[in-house]
Every structure is written in structure tokens, then in C-alpha cells.
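Text of the file structure.txt, holding compact mmCIF, C-alpha atoms:
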```txt
# COMPACT_ATOMS: atom_id res chain seq x y z
CA MET A 1 -17.46 -10.54 -15.19
CA ALA A 2 -13.67 -10.23 -15.51
CA LEU A 3 -13.85 -10.28 -19.34
CA LYS A 4 -16.51 -7.57 -19.23
CA TYR A 5 -14.20 -5.21 -17.35
CA ILE A 6 -11.16 -6.05 -19.45
CA LEU A 7 -13.17 -5.09 -22.54
CA LEU A 8 -14.43 -1.95 -20.79
CA CYS A 9 -10.87 -0.93 -19.92
CA ALA A 10 -9.80 -1.42 -23.53
CA LEU A 11 -12.74 0.65 -24.80
CA LEU A 12 -12.11 3.53 -22.41
CA TYR A 13 -8.41 3.47 -23.21
CA HIS A 14 -9.17 4.06 -26.89
CA MET A 15 -11.59 6.83 -25.89
CA ALA A 16 -8.69 8.51 -24.03
CA VAL A 17 -10.43 8.16 -20.67
CA SER A 18 -8.07 7.59 -17.75
CA VAL A 19 -8.87 4.12 -16.44
CA HIS A 20 -7.09 1.25 -14.77
CA CYS A 21 -8.29 -2.32 -14.48
CA ALA A 22 -7.44 -4.17 -11.30
CA ALA A 23 -4.31 -6.31 -11.38
CA ASN A 24 -6.39 -9.33 -10.47
CA PRO A 25 -8.28 -10.16 -13.70
CA ASN A 26 -11.03 -11.72 -11.56
CA ALA A 27 -11.65 -8.53 -9.57
CA ASN A 28 -15.33 -7.93 -8.90
CA ALA A 29 -17.39 -5.08 -10.30
CA ARG A 30 -17.22 -2.95 -7.14
CA THR A 31 -13.43 -3.22 -7.02
CA ASN A 32 -12.96 -2.23 -10.66
CA LYS A 33 -15.41 0.64 -10.28
CA LEU A 34 -13.61 1.95 -7.20
CA LEU A 35 -10.27 1.85 -9.01
CA ALA A 36 -11.81 3.64 -11.99
CA ALA A 37 -13.30 6.32 -9.73
CA MET A 38 -9.97 6.85 -7.97
CA SER A 39 -8.24 7.09 -11.34
CA ASN A 40 -10.50 9.91 -12.48
CA LEU A 41 -10.49 12.38 -9.61
CA GLY A 42 -9.47 15.21 -11.94
CA GLY A 43 -6.93 16.79 -9.62
CA ARG A 44 -8.95 16.22 -6.47
CA ILE A 45 -7.59 14.11 -3.61
CA LEU A 46 -9.29 11.82 -1.11
CA SER A 47 -8.66 12.61 2.55
CA GLY A 48 -7.62 9.89 4.93
CA VAL A 49 -6.30 9.05 8.36
CA PHE A 50 -5.00 5.97 10.16
CA GLY A 51 -7.47 4.52 12.67
CA GLY A 52 -5.04 2.36 14.64
CA TYR A 53 -3.90 -1.23 15.21
CA ASN A 54 -6.55 -3.92 15.51
CA ARG A 55 -6.82 -5.70 18.90
CA PHE A 56 -5.17 -2.80 20.76
CA GLN A 57 -6.72 -0.19 23.00
CA HIS A 58 -6.25 3.52 23.70
CA GLU A 59 -4.69 5.84 21.14
CA ILE A 60 -2.84 3.21 19.11
CA GLY A 61 -5.78 0.79 19.09
CA PHE A 62 -8.18 0.74 16.15
CA SER A 63 -11.36 2.72 16.69
CA LEU A 64 -13.31 5.51 15.04
CA ASP A 65 -11.66 8.00 17.40
CA GLN A 66 -9.53 9.61 14.69
CA ALA A 67 -12.48 10.05 12.34
CA ASN A 68 -14.63 11.44 15.15
CA ARG A 69 -11.97 13.89 16.36
CA ILE A 70 -11.25 15.12 12.85
CA GLN A 71 -14.98 15.63 12.31
CA GLN A 72 -15.25 17.58 15.56
CA VAL A 73 -12.31 19.86 14.71
CA THR A 74 -12.82 20.31 10.96
CA GLY A 75 -16.47 19.47 10.33
CA LYS A 76 -15.35 16.77 7.86
CA SER A 77 -14.75 13.03 8.06
CA PRO A 78 -11.93 11.29 6.15
CA ALA A 79 -12.79 9.39 2.98
CA VAL A 80 -10.07 6.76 3.50
CA TYR A 81 -9.69 5.05 6.87
CA GLY A 82 -6.67 2.91 7.75
CA ILE A 83 -6.33 -0.19 9.91
CA ASP A 84 -3.17 -2.16 10.68
CA CYS A 85 -4.00 -5.74 11.50
CA SER A 86 -0.61 -7.17 12.49
CA PRO A 87 1.29 -5.42 15.29
CA GLY A 88 4.52 -7.23 14.50
CA TRP A 89 6.31 -6.34 17.73
CA GLU A 90 4.06 -8.82 19.58
CA THR A 91 5.23 -12.37 20.36
CA SER A 92 3.32 -15.61 20.75
CA ALA A 93 3.73 -19.21 21.77
CA ASP A 94 5.43 -21.40 19.16
CA GLY A 95 2.95 -22.32 16.48
CA GLN A 96 0.56 -19.54 17.50
CA GLU A 97 2.06 -16.76 15.39
CA THR A 98 -1.20 -16.12 13.57
CA ASN A 99 -2.71 -14.86 16.84
CA ILE A 100 -0.80 -11.65 16.09
CA ILE A 101 -2.85 -11.19 12.89
CA ASP A 102 -6.46 -10.02 12.97
CA CYS A 103 -7.59 -8.18 9.84
CA PHE A 104 -11.35 -7.93 10.30
CA ASN A 105 -12.99 -5.22 12.38
CA SER A 106 -16.71 -4.48 12.51
CA GLN A 107 -16.09 -0.76 13.06
CA ALA A 108 -14.22 -0.66 9.76
CA VAL A 109 -17.25 -2.29 8.14
CA ASP A 110 -19.51 0.37 9.64
CA TYR A 111 -17.27 3.11 8.26
CA ALA A 112 -17.23 1.54 4.79
CA LYS A 113 -21.02 1.34 4.78
CA LYS A 114 -21.13 5.10 5.40
CA GLY A 115 -19.18 5.57 2.17
CA GLY A 116 -15.64 5.20 3.54
CA ILE A 117 -12.78 3.42 1.80
CA ILE A 118 -10.84 1.02 4.03
CA THR A 119 -7.11 0.48 3.67
CA VAL A 120 -5.47 -2.46 5.44
CA SER A 121 -1.75 -2.57 6.22
CA HIS A 122 0.47 -4.88 8.27
CA HIS A 123 3.46 -5.04 10.54
CA LEU A 124 3.61 -8.78 9.93
CA PRO A 125 5.18 -11.32 12.30
CA ASN A 126 8.48 -12.69 11.06
CA PRO A 127 7.93 -16.23 9.75
CA VAL A 128 11.58 -17.18 10.16
CA TYR A 129 11.39 -17.26 13.97
CA PRO A 130 8.94 -19.30 16.09
CA GLY A 131 6.65 -17.07 18.11
CA ASN A 132 7.95 -13.99 16.25
CA ARG A 133 10.80 -13.85 18.76
CA VAL A 134 13.15 -11.94 16.51
CA PRO A 135 16.77 -11.22 17.49
CA GLY A 136 16.90 -8.20 15.12
CA ASN A 137 14.97 -6.41 12.41
CA ASN A 138 16.80 -8.01 9.49
CA ILE A 139 16.98 -11.55 8.16
CA SER A 140 19.55 -12.91 5.73
CA ASN A 141 18.75 -13.60 2.10
CA LYS A 142 19.09 -17.29 2.91
CA ASP A 143 16.39 -17.03 5.57
CA TYR A 144 14.26 -14.92 3.22
CA ALA A 145 14.51 -17.60 0.54
CA ALA A 146 13.39 -20.23 3.07
CA ILE A 147 10.03 -18.42 3.40
CA LEU A 148 9.41 -19.27 -0.25
CA GLN A 149 10.77 -22.84 -0.10
CA ALA A 150 8.24 -25.65 0.34
CA GLY A 151 8.73 -27.82 3.42
CA THR A 152 10.65 -25.32 5.56
CA PRO A 153 9.35 -24.20 8.97
CA ALA A 154 9.46 -20.61 7.70
CA ARG A 155 7.27 -21.56 4.75
CA ASP A 156 4.77 -23.27 7.02
CA ARG A 157 4.54 -20.23 9.29
CA TRP A 158 4.18 -17.91 6.29
CA TRP A 159 1.46 -20.11 4.79
CA ASN A 160 -0.44 -20.02 8.07
CA SER A 161 -0.12 -16.22 8.12
CA MET A 162 -1.51 -15.95 4.60
CA GLU A 163 -4.43 -18.17 5.60
CA LYS A 164 -5.21 -15.88 8.55
CA ILE A 165 -4.95 -12.73 6.42
CA ALA A 166 -7.23 -14.28 3.79
CA LYS A 167 -9.83 -15.08 6.43
CA GLY A 168 -10.02 -11.43 7.43
CA LEU A 169 -10.14 -10.14 3.86
CA GLN A 170 -12.85 -12.68 3.06
CA ALA A 171 -14.93 -11.27 5.90
CA TYR A 172 -14.80 -7.84 4.23
CA LYS A 173 -15.72 -9.44 0.90
CA ASP A 174 -18.74 -11.05 2.54
CA GLN A 175 -19.86 -7.53 3.49
CA GLY A 176 -19.40 -6.26 -0.09
CA ILE A 177 -16.36 -4.15 0.83
CA THR A 178 -13.33 -3.54 -1.39
CA ILE A 179 -10.05 -3.15 0.51
CA LEU A 180 -7.02 -1.05 -0.41
CA TYR A 181 -4.49 -3.67 0.67
CA ARG A 182 -1.01 -2.38 1.51
CA PRO A 183 1.39 -5.15 2.59
CA PHE A 184 5.18 -4.89 2.96
CA HIS A 185 5.36 -1.09 3.13
CA GLU A 186 8.72 0.75 3.20
CA MET A 187 10.46 -2.26 1.69
CA ASN A 188 13.33 -0.08 0.45
CA GLY A 189 14.31 0.74 4.03
CA ASP A 190 16.16 -1.63 6.34
CA TRP A 191 13.91 -1.64 9.42
CA PHE A 192 11.48 -4.50 8.67
CA TRP A 193 12.18 -8.19 8.11
CA TRP A 194 10.76 -8.00 4.57
CA SER A 195 12.75 -4.91 3.61
CA GLY A 196 16.29 -4.30 2.41
CA LEU A 197 19.55 -4.84 4.24
CA PRO A 198 22.05 -2.23 5.48
CA ASP A 199 24.65 -3.86 3.21
CA GLU A 200 23.59 -2.60 -0.23
CA SER A 201 25.71 -5.24 -1.95
CA GLN A 202 23.14 -7.84 -0.84
CA ASN A 203 20.08 -5.96 -1.97
CA GLY A 204 20.02 -7.01 -5.61
CA GLU A 205 19.16 -10.50 -4.40
CA ARG A 206 16.86 -9.07 -1.74
CA GLN A 207 14.87 -7.20 -4.38
CA ARG A 208 14.45 -10.40 -6.38
CA LEU A 209 13.21 -12.25 -3.29
CA PHE A 210 10.88 -9.43 -2.29
CA LYS A 211 9.19 -9.51 -5.69
CA LEU A 212 8.68 -13.26 -5.34
CA LEU A 213 7.24 -12.82 -1.84
CA TRP A 214 4.78 -10.14 -3.00
CA GLN A 215 3.75 -12.29 -5.97
CA ASP A 216 3.36 -15.28 -3.66
CA LEU A 217 0.94 -13.33 -1.46
CA PHE A 218 -0.90 -11.91 -4.47
CA ASN A 219 -1.40 -15.33 -6.06
CA PHE A 220 -2.47 -16.85 -2.75
CA MET A 221 -5.22 -14.24 -2.33
CA LYS A 222 -6.24 -14.54 -5.97
CA ASN A 223 -6.51 -18.33 -5.67
CA LYS A 224 -8.64 -17.84 -2.55
CA GLY A 225 -11.15 -15.98 -4.70
CA LEU A 226 -10.50 -12.64 -2.99
CA ASP A 227 -11.69 -10.39 -5.79
CA ASN A 228 -12.24 -7.39 -3.49
CA ILE A 229 -8.61 -6.23 -3.19
CA LEU A 230 -6.71 -3.31 -4.71
CA TRP A 231 -2.98 -3.76 -4.08
CA VAL A 232 -0.96 -0.75 -2.87
CA TYR A 233 2.85 -0.62 -3.23
CA SER A 234 4.42 2.10 -1.03
CA PRO A 235 8.19 2.49 -0.56
CA ASP A 236 9.71 5.10 1.72
CA GLN A 237 10.52 8.43 0.07
CA SER A 238 13.67 8.95 2.14
CA ARG A 239 15.49 5.91 0.72
CA GLU A 240 16.66 5.03 -2.78
CA SER A 241 15.59 1.93 -4.75
CA ARG A 242 11.95 2.99 -4.62
CA THR A 243 11.07 1.12 -7.80
CA ALA A 244 13.74 -1.60 -7.58
CA TYR A 245 11.39 -3.70 -5.41
CA TYR A 246 8.37 -3.14 -7.65
CA PRO A 247 6.79 -6.57 -8.22
CA GLY A 248 5.31 -5.76 -11.64
CA ASP A 249 2.27 -4.14 -13.21
CA ASN A 250 0.28 -7.38 -13.02
CA PHE A 251 0.58 -7.41 -9.22
CA VAL A 252 -0.03 -3.76 -8.24
CA ASP A 253 -2.99 -1.40 -8.55
CA ILE A 254 -1.85 1.76 -6.76
CA VAL A 255 1.65 3.05 -6.07
CA GLY A 256 2.54 5.47 -3.34
CA LEU A 257 5.13 6.95 -1.03
CA ASP A 258 5.45 7.03 2.74
CA TRP A 259 6.42 10.64 3.43
CA TYR A 260 7.51 11.78 6.88
CA THR A 261 9.10 15.21 7.03
CA ASP A 262 9.31 18.27 9.25
CA ASP A 263 8.99 20.57 6.23
CA PRO A 264 5.66 20.00 4.43
CA THR A 265 6.66 22.50 1.73
CA LYS A 266 9.56 20.31 0.61
CA ALA A 267 8.88 17.77 -2.14
CA PRO A 268 9.03 14.08 -1.29
CA ASN A 269 11.71 12.17 -3.14
CA GLY A 270 10.53 9.86 -5.89
CA TYR A 271 7.23 11.42 -6.95
CA ASP A 272 8.06 11.44 -10.68
CA GLU A 273 9.66 8.01 -10.36
CA MET A 274 6.45 6.56 -8.96
CA ILE A 275 4.16 8.40 -11.38
CA ASN A 276 6.15 6.94 -14.26
CA LEU A 277 4.99 3.45 -13.22
CA GLY A 278 1.65 4.40 -14.76
CA LYS A 279 -0.55 3.58 -11.76
CA PRO A 280 -2.70 5.85 -9.58
CA PHE A 281 -0.47 7.46 -6.95
CA ALA A 282 -1.12 7.85 -3.21
CA LEU A 283 0.59 9.46 -0.25
CA ALA A 284 0.14 6.23 1.67
CA GLU A 285 1.61 7.47 4.98
CA VAL A 286 2.30 11.09 5.84
CA GLY A 287 3.11 13.13 8.88
CA PRO A 288 5.84 14.83 10.87
CA TYR A 289 9.27 13.34 11.38
CA THR A 290 9.61 15.16 14.71
CA LYS A 291 6.61 14.41 16.90
CA ASN A 292 6.06 17.61 18.87
CA GLY A 293 2.84 19.00 17.43
CA GLN A 294 4.52 21.47 15.07
CA TYR A 295 3.51 19.94 11.71
CA ASP A 296 1.26 22.18 9.62
CA TYR A 297 -1.33 20.17 7.68
CA ASP A 298 -2.57 23.30 5.88
CA LEU A 299 0.88 23.80 4.37
CA PHE A 300 1.03 20.09 3.59
CA MET A 301 -2.19 20.24 1.58
CA LYS A 302 -1.18 23.40 -0.26
CA THR A 303 2.05 21.68 -1.28
CA VAL A 304 0.28 18.51 -2.40
CA THR A 305 -2.44 20.19 -4.44
CA SER A 306 -0.07 22.63 -6.13
CA ARG A 307 2.85 20.29 -6.85
CA PHE A 308 1.59 16.69 -6.65
CA SER A 309 -1.78 16.94 -8.33
CA LYS A 310 -1.81 13.27 -9.36
CA ALA A 311 -2.07 12.07 -5.77
CA VAL A 312 -5.40 10.28 -5.25
CA TYR A 313 -5.39 10.02 -1.44
CA PHE A 314 -3.33 10.93 1.61
CA MET A 315 -3.24 9.12 4.95
CA PRO A 316 -1.70 10.67 8.07
CA TRP A 317 -0.80 8.26 10.86
CA ASN A 318 -2.51 8.58 14.25
CA ALA A 319 -1.17 9.43 17.75
CA GLU A 320 1.62 12.06 17.59
CA TRP A 321 1.42 12.18 13.78
CA SER A 322 -2.32 12.83 13.70
CA PRO A 323 -3.70 16.01 12.15
CA VAL A 324 -5.66 16.76 15.34
CA ASN A 325 -2.43 16.61 17.37
CA ASN A 326 -0.67 19.02 15.01
CA LYS A 327 -1.41 22.38 13.37
CA ASN A 328 -4.21 23.48 11.08
CA PRO A 329 -6.04 20.23 10.28
CA SER A 330 -8.97 22.25 8.93
CA GLY A 331 -6.74 23.54 6.15
CA ALA A 332 -6.30 20.00 4.90
CA TYR A 333 -9.80 18.57 5.25
CA ASN A 334 -11.56 21.75 4.08
CA HIS A 335 -9.32 22.42 1.08
CA PRO A 336 -11.49 22.84 -2.05
CA LYS A 337 -9.72 19.99 -3.83
CA VAL A 338 -10.11 17.51 -0.98
CA VAL A 339 -12.83 14.85 -1.16
CA ASN A 340 -14.09 13.69 2.22
CA LEU A 341 -16.37 10.88 3.40
CA GLY A 342 -19.24 10.31 1.01
CA GLY A 343 -17.79 12.59 -1.67
CA LEU A 344 -16.63 9.85 -4.04
CA LYS A 345 -19.53 8.18 -5.79
CA VAL A 346 -18.78 4.66 -7.02
CA ARG A 347 -21.43 3.57 -9.50
```
Once you've parsed the file, please lay out its structure as C-alpha cells.
Amino acid sequence: MALKYILLCALLYHMAVSVHCAANPNANARTNKLLAAMSNLGGRILSGVFGGYNRFQHEIGFSLDQANRIQQVTGKSPAVYGIDCSPGWETSADGQETNIIDCFNSQAVDYAKKGGIITVSHHLPNPVYPGNRVPGNNISNKDYAAILQAGTPARDRWWNSMEKIAKGLQAYKDQGITILYRPFHEMNGDWFWWSGLPDESQNGERQRLFKLLWQDLFNFMKNKGLDNILWVYSPDQSRESRTAYYPGDNFVDIVGLDWYTDDPTKAPNGYDEMINLGKPFALAEVGPYTKNGQYDYDLFMKTVTSRFSKAVYFMPWNAEWSPVNNKNPSGAYNHPKVVNLGGLKVR
């Protein structure tokens, strides 16, 4: 099956059709077809929204509330629905760190079976510290390297985390669902354990280690037979080094930017930089920087469709960032270039 799609990609390339084969050469037919469909939207863009954190309740907990509210307000349902399956601010007993991770959700399956595309992200527990009891957001390069070193406690905790993630992604595979998988987002910032350090002089080494960590996770999932994953790399637009952490074309399917701003008419930094990587481009997280309900999603969509026509999907966060808690969501989801739930046919 993999050879079939490699040959198909080569044929379409010579026919000048825009196509991308999945980074995993063993990707299944559905996964390759979804990537091909997303690569050929012809200037249209898939709508999205974040559905919440798995295992939590109320507004930050994962549910279909965001999709339902958007449908009630705009008459449309998002094509792409997000779930975060590792609320990394939680702690656990020593040796129970994987309890923080839970990637499978039956409501996400239901949404996918209605034609939705599911994207999974993480705020992963820090494998350096037992129980995810972290004294600060950053870890040293030495500690980072220990995550990749066989026989260290950090490596053992990281291995257990990968096992737990794989179990959840396998459950989606068993349901015939391809996942847009977005680990390690905003790596060019300095606010997560996997991301850069405030001292830029240390970040050349950090970038090398990050690439190894991404490749480690990619190869683990590939070796598990998880052929239902499209890998999404999304740095933060407000920081430099957006491509310095890029793990390589053979490990990424979609590139994107996380774009929080109070002025939706202002261009995000790094759009051309990301487009030049030659992968489909997404606005992987969007929304207001100031959370007071003033963000205009109609202006946002007008900016995107007129100036960033290569974007294949956008995903606002929920809660205070949500379109239904800000201005003019109908302008986004009813824009003539926006593709909503059921509008992308994957054959």
C-alpha cells in the first residue's frame, strides 16, 4: 500500500498536481487521501475550533459544546475539531505520570464519523520530574538530553508517556480515523519544558535536541504501526527561530503558526518562512491576545482569505478565545471560501 501511494505521488507531481505524501511511508490510504485533499483546497480553508482538554469538565473540558454553539450562532459546524489530551499542569503520584495523558475520546470519534477532522495536541507532563512536579517551565539542555538517553529515569518516564499516547492513537486507528497530530507546539517560545530557553546562547543545542525528541516520537509511533497520523509542526508567530526547530521533511506533514493577536488585520510573522518549507500550511491556533470579547472573527477571515490564501485550516481556541465569545463568528464560518463540516470529500 505504501509503494502504491509513493508511485501515485510521483505521478501526480509530474502531472503538476499539488500533492503531498505522508511523512510516514507506511501511512494508510485514508491518511494519504486526507493529506491530498487538504493539499488541493484551491484557496479554500477548512474551519475549525478547539473542543477542550480531555478528562476535564465545564468550559475547558472536551465536549461538543463548541461545535454545537458555533452551529447555533452561525448555522455551520467546524470541519476540524481539536482535543488536547495532556493537561500538563496536573501532577500525579510518582510513577503514575501517564495518568495525565488520555488521548482517546468517544465524542471525537462521533464527530469524525460525521465528516469531521480531528486534531490532537498535548500539554505533556515533564518526564524529567517524578509526578510532573516541576519547579519551573524550563529544563536544562542536560536534562533534555537525559530524556533521550537509555537507562535514565527521564527516559523511562518519556517511554511510558509515548506508550500511553500510542494507545490512544491506536484507538482512533481502530475506528478508521486519521488524526492531525500536533505535539510540542510553540517550541520556539520559552514557556514549555520542550521549548527554547530564555538564554538564546543555549538554544542552538536546544534546537538539536528538540529535533531528536520529535524524531524519537515519530519513529516510536511509526514502529507501533500507527499509519493514521499526519504530523503538524506549529511554532509561535511572535517569536523568532520558527524554522530552526523544524525536524525535517521526512517527519512533518503540515506546518503552521500559532497566531494570537488583538489586531486580526495584521499579518502573522513567519507566513512566507513557513510556506517555503513546502508543506501544507495551517493556522494551528488563533484567537485574541487580550481576552475581553473584542476580537473580530469576520475581520480575521477577511485577512486570511485575502493575504494568506495557502492556509488549509484555522483553529480558534475555546473559552475566552472562542469565536462565540467574541465578535462576528458568522463572518468566519459563513465566508464563501470556508469549508465546514462535511464539505471536504475524501475519496
Each residue of range 96-209 of chain A with at least one atom at most 12 Å from range 25-30 of chain A should appear once, together with its nearest atom pair and the corresponding distance in Å (one decimal); atoms considered: all atoms listed in the file; ordering: chain, then increasing residue number; output as JSON lines.
```
{"residue": "A:Ile117", "atom": "CA", "partner": "A:Arg30", "partner_atom": "CA", "distance": 11.8}
{"residue": "A:Lys173", "atom": "CA", "partner": "A:Asn28", "partner_atom": "CA", "distance": 9.9}
{"residue": "A:Gln175", "atom": "CA", "partner": "A:Arg30", "partner_atom": "CA", "distance": 11.9}
{"residue": "A:Gly176", "atom": "CA", "partner": "A:Arg30", "partner_atom": "CA", "distance": 8.1}
{"residue": "A:Ile177", "atom": "CA", "partner": "A:Arg30", "partner_atom": "CA", "distance": 8.1}
{"residue": "A:Thr178", "atom": "CA", "partner": "A:Arg30", "partner_atom": "CA", "distance": 7.0}
{"residue": "A:Ile179", "atom": "CA", "partner": "A:Arg30", "partner_atom": "CA", "distance": 10.5}
```
**Study point:** Pick from A:Thr119, A:Asn126, A:Ser92, A:Thr98, whichever lies nearest to Tyr313 in chain A using all atoms listed in the file
**Key:**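 Ranking A:Thr119, A:Asn126, A:Ser92, A:Thr98 by distance to Tyr313 in chain A, first place goes to A:Thr119.
In this model, the gap between CA of Val49 in chain A and CA of Met301 in chain A comes to 13.7 Å.
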Residues within 7 Å of Ala79 in chain A, only C-alpha atoms, excluding chain neighbours under 2 positions, as a short mmCIF file (atom, residue, chain, number, x, y, z; two decimals) with C-alpha atoms, in the coordinates of the input:
```cif
data_model
loop_
_atom_site.label_atom_id
_atom_site.label_comp_id
_atom_site.auth_asym_id
_atom_site.auth_seq_id
_atom_site.Cartn_x
_atom_site.Cartn_y
_atom_site.Cartn_z
CA LEU A 46 -9.29 11.82 -1.11
CA SER A 47 -8.66 12.61 2.55
CA GLY A 48 -7.62 9.89 4.93
CA SER A 77 -14.75 13.03 8.06
CA TYR A 81 -9.69 5.05 6.87
CA GLY A 116 -15.64 5.20 3.54
CA ILE A 117 -12.78 3.42 1.80
CA VAL A 339 -12.83 14.85 -1.16
CA ASN A 340 -14.09 13.69 2.22
CA LEU A 341 -16.37 10.88 3.40
CA GLY A 342 -19.24 10.31 1.01
#
```
Study note, to complete from the structure: Across A:Phe220, A:Phe104, A:Tyr144, A:Tyr111, the smallest distance to Leu169 in chain A, with only C-alpha atoms counted, is shown by A:Phe104
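The space between CA of Leu148 in chain A and CA of Met162 in chain A spans 12.4 Å.
Among the candidates A:Gly331, A:Asn318, A:Asn141, A:Pro268, the one nearest to Arg69 in chain A when counting only C-alpha atoms is A:Asn318.
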**Study point:** Interatomic distance (Å, one decimal) between CA of Ser306 in chain A and CA of Pro235 in chain A
**Key:**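 If I compute the distance from CA of Ser306 in chain A to CA of Pro235 in chain A, I get 22.5 Å.
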Skip Pro329 in chain A itself and residues of its chain fewer than 2 positions away, then list as a short mmCIF file (atom, residue, chain, number, x, y, z; two decimals) with C-alpha atoms, in the frame of the given file all residues within 9 Å of it, counting only C-alpha atoms.
```
data_model
loop_
_atom_site.label_atom_id
_atom_site.label_comp_id
_atom_site.auth_asym_id
_atom_site.auth_seq_id
_atom_site.Cartn_x
_atom_site.Cartn_y
_atom_site.Cartn_z
CA ILE A 70 -11.25 15.12 12.85
CA VAL A 73 -12.31 19.86 14.71
CA THR A 74 -12.82 20.31 10.96
CA ASP A 296 1.26 22.18 9.62
CA TYR A 297 -1.33 20.17 7.68
CA ASP A 298 -2.57 23.30 5.88
CA SER A 322 -2.32 12.83 13.70
CA PRO A 323 -3.70 16.01 12.15
CA VAL A 324 -5.66 16.76 15.34
CA ASN A 325 -2.43 16.61 17.37
CA ASN A 326 -0.67 19.02 15.01
CA LYS A 327 -1.41 22.38 13.37
CA GLY A 331 -6.74 23.54 6.15
CA ALA A 332 -6.30 20.00 4.90
CA TYR A 333 -9.80 18.57 5.25
CA ASN A 334 -11.56 21.75 4.08
#
```
